[in-house]
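One structure is given here, and the rest of the page talks about it.
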Amino acid sequence: MEPDERAAPQWADCYRALVARKTDDIPALRTVLAAAPPGEVLELGAGFGRLALAAARDGRQVVAVEPSRMMLDYRDAFFEGVPADIRRRVDWRVADARESDGRERDAGRYAAVVCGYNGLNEIVDGLPEVIDGAARALAPGGLLHLDWCADPYERPGLVEFYDYLEFSGQRWAAFTIVQELPGGRHDLTLMYERVDGVTARERLYQVVPRRTWPREDVLRLAAAAGLEHHQSLSGGNVMVFVNKGGSRSRADR
Ligand SMILES: C[S@@+](CC[C@H](N)C(=O)[O-])C[C@H]1O[C@@H](n2cnc3c(N)ncnc32)[C@H](O)[C@@H]1O
């Protein structure tokens with residue numbers, strides 16, 4: 001399923017309610033950006049710009065890559081009220097992180113490449129292309145920040161309560177259901193059930209195709225792309241790699 005297949009109007013509300021208030025991953029991002037050399041940040045799978053905005057508020061110029069129309073529609077509401085000088089620091093590209101064409105021109109350009117909040121899990125194919133492209137985009141000394149779910153789901157099939165949310169003027173409970181598919185893929189279904197005095201049950205389902213990429217795969221691909229493991233943060237959920245060499249292009253290797 002392509003990201004835009006989630007574009008039904010109510011998914012926009014659901015996703016926004018689920019993600020817009022998330023801030024627990026921003027300290028790790030700030031740690032990485034503070035350690036990166038001066039310069040621009042490339043974010044792959046930027047969603048509606050939650051992390052891009054945090055980086056911009058810290059003074060970074062950001063190129064945010066995001067293919068989903070639904071996310072880009074949110075972005076405008078999410079950036080409402082942000083001072084113009086900060087808003088201007090985020091330059092959006094409607095593109096797929098797996099496609100390197102547009103990035104060939106950017107070889108060695110970025111101080112940091114960020115793929116946060118399970119971005120890699122939603123890129124269900126093409127991990128080698130994403131890591132290779134990120135490595136090429138990094139300047140010498142630049143850092144790659146990856147925050148993704150590496151461990152297999154422990155309890156596929158079970159419905160698990162996630163959180164209460166307010167959206168569309170109503171109160172909902174969000175649940176997750178994981179279905180295992182062949183080849184390391186999963187469908188993560190988010191189920192929203194209205195809980196505010198309804199007489200008939202109302203449920204919404206949002207299916208997000210995902211894949212849990214093991215840490216060894218990411219380490220191997222990063223090493224093959226010329227990146228060194230630099231540090232792990234947030235109990236190992238965030239891995240940071242450094243480009244020790246010069247700027248690289250595919251032709252160099
Ligand atoms: C879990 S969201 C994270 C959004 C954002 N980084 C944040 O932290 O709020 C993952 C994002 O990856 C995007 N995505 C999925 N496949 C992609 C691809 N092939 N290239 C670039 N982005 C992709 C999705 O549209 C979604 O916005």
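By order in the structure tokens, chains are A, B, ...; within a chain, residues start at 1; ligands start at 1, following the order shown.
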Range 174-215 of chain A near range 156-167 of chain A within 6 Å: what's each residue's closest atom pair and its distance in Å to one decimal, counting only C-alpha atoms, ordered by chain then ascending residue number, as JSON lines?
{"residue": "A:Ala174", "atom": "CA", "partner": "A:Asp163", "partner_atom": "CA", "distance": 5.3}
{"residue": "A:Phe175", "atom": "CA", "partner": "A:Phe161", "partner_atom": "CA", "distance": 4.4}
{"residue": "A:Thr176", "atom": "CA", "partner": "A:Glu160", "partner_atom": "CA", "distance": 5.3}
{"residue": "A:Ile177", "atom": "CA", "partner": "A:Val159", "partner_atom": "CA", "distance": 4.8}
{"residue": "A:Val178", "atom": "CA", "partner": "A:Pro156", "partner_atom": "CA", "distance": 4.8}
{"residue": "A:Gln179", "atom": "CA", "partner": "A:Pro156", "partner_atom": "CA", "distance": 5.7}
Serialized selection, C-alpha atoms, as a PDB file, in the first residue's frame:
ATOM      1  CA  ALA A 174      -6.827   3.899  20.054  1.00  0.00           C
ATOM      2  CA  PHE A 175      -5.757   0.250  19.893  1.00  0.00           C
ATOM      3  CA  THR A 176      -3.047  -1.487  17.908  1.00  0.00           C
ATOM      4  CA  ILE A 177      -3.308  -4.885  16.245  1.00  0.00           C
ATOM      5  CA  VAL A 178      -0.276  -6.480  14.586  1.00  0.00           C
ATOM      6  CA  GLN A 179      -0.666  -8.995  11.794  1.00  0.00           C
TER       7      GLN A 179
END
- [ ] Please identify every polymer residue within 6 Å of ligand 1, using only C-alpha atoms and all ligand atoms, and present the set as a ChimeraX atom specification.
- [x] /A:3,44-47,50-51,66-68,71,96-98,116-119,122-123
Same residues, C-alpha atoms, saved as a CSV table (one decimal), in the first residue's frame:
chain,number,residue,atom,x,y,z
A,3,PRO,CA,1.3,6.0,1.9
A,44,LEU,CA,13.6,11.3,5.1
A,45,GLY,CA,9.9,10.5,5.8
A,46,ALA,CA,9.3,13.8,7.4
A,47,GLY,CA,5.6,13.4,7.9
A,50,ARG,CA,7.3,17.5,13.7
A,51,LEU,CA,11.1,16.7,13.8
A,66,GLU,CA,7.8,13.2,2.3
A,67,PRO,CA,5.7,11.5,-0.4
A,68,SER,CA,2.3,11.4,1.3
A,71,MET,CA,1.1,14.4,5.6
A,96,ASP,CA,10.3,8.9,-2.2
A,97,ALA,CA,13.3,8.3,0.1
A,98,ARG,CA,14.2,5.2,-1.9
A,116,GLY,CA,12.9,9.2,12.8
A,117,TYR,CA,9.9,7.8,14.5
A,118,ASN,CA,9.7,4.4,12.7
A,119,GLY,CA,10.3,6.0,9.4
A,122,GLU,CA,7.2,2.3,6.9
A,123,ILE,CA,9.7,2.0,4.1
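We find CA of Leu53 in chain A and CA of Val114 in chain A to be spaced 12.5 Å apart.
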Task: Residue nearest Pro152 in chain A among A:Phe78, A:Tyr192, A:Phe241, A:Trp213 (counting only C-alpha atoms) - done: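 The closest residue to Pro152 in chain A is A:Trp213.
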Task: Picked from range 35-204 of chain A by DSSP as helix (DSSP H, G or I), as a ChimeraX atom specification - done: /A:35,50-57,69-78,84-87,101-104,119-122,127-137
Open item on the list: So that I can see what lies close to Arg185 in chain A, please list as JSON, numbers by chain the residues with an atom at most 8 Å from it, counting only C-alpha atoms and leaving out residues fewer than 6 positions away in the same chain.
Closed with: {"A": [124, 209, 210, 211, 212]}
Keeping only N, CA, C and O atoms, write the selected residues as a CSV table (one decimal), in the first residue's frame.
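Dumped everything to again.csv:
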chain,number,residue,atom,x,y,z
A,124,VAL,N,8.9,-0.3,3.6
A,124,VAL,CA,8.9,-1.7,3.7
A,124,VAL,C,9.8,-2.4,2.7
A,124,VAL,O,10.2,-3.6,2.9
A,209,PRO,N,1.3,-0.5,6.6
A,209,PRO,CA,2.3,-1.6,6.4
A,209,PRO,C,3.6,-1.3,6.9
A,209,PRO,O,4.1,-0.1,6.8
A,210,ARG,N,4.2,-2.2,7.6
A,210,ARG,CA,5.5,-2.0,8.3
A,210,ARG,C,6.4,-3.2,8.2
A,210,ARG,O,6.0,-4.3,7.8
A,211,ARG,N,7.6,-3.0,8.5
A,211,ARG,CA,8.6,-4.0,8.5
A,211,ARG,C,9.6,-3.7,9.7
A,211,ARG,O,10.1,-2.6,9.7
A,212,THR,N,9.9,-4.7,10.5
A,212,THR,CA,10.8,-4.5,11.6
A,212,THR,C,12.2,-4.9,11.1
A,212,THR,O,12.5,-6.1,10.9
Task: Leu144 in chain A surroundings by only C-alpha atoms, 9 Å radius, close-in-sequence under 6 positions cut, as a PyMOL selection string - done: chain A and resi 32+111-115+131+134-135+138+227+239-243
Task: Two-atom distance - CA of Gly39 in chain A, CA of Gly81 in chain A (Å) - done: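 So the answer is 25.4 Å.
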Task: Test item, strand (DSSP E or B) assignment across range 9-190 of chain A, answer as a PyMOL selection string - done: chain A and resi 41-44+62-65+90-93+110-115+138-147+159-167+170-180+185-190
Open item on the list: Nearest residue to Arg203 in chain A out of A:Ala64, A:Leu221, A:Cys14, A:Leu188, using only C-alpha atoms?
Closed with: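 Answer, going by the shortest atom-to-atom distance: A:Cys14.
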- [ ] Can you work out the spacing between CA of Trp148 in chain A and CA of Asn237 in chain A in Å, to one decimal?
- [x] 6.2 Å
Task: Counting only C-alpha atoms, the option among A:Gly169, A:Gly126, A:Pro140, A:Gly59 closest to Gly245 in chain A - done: A:Pro140
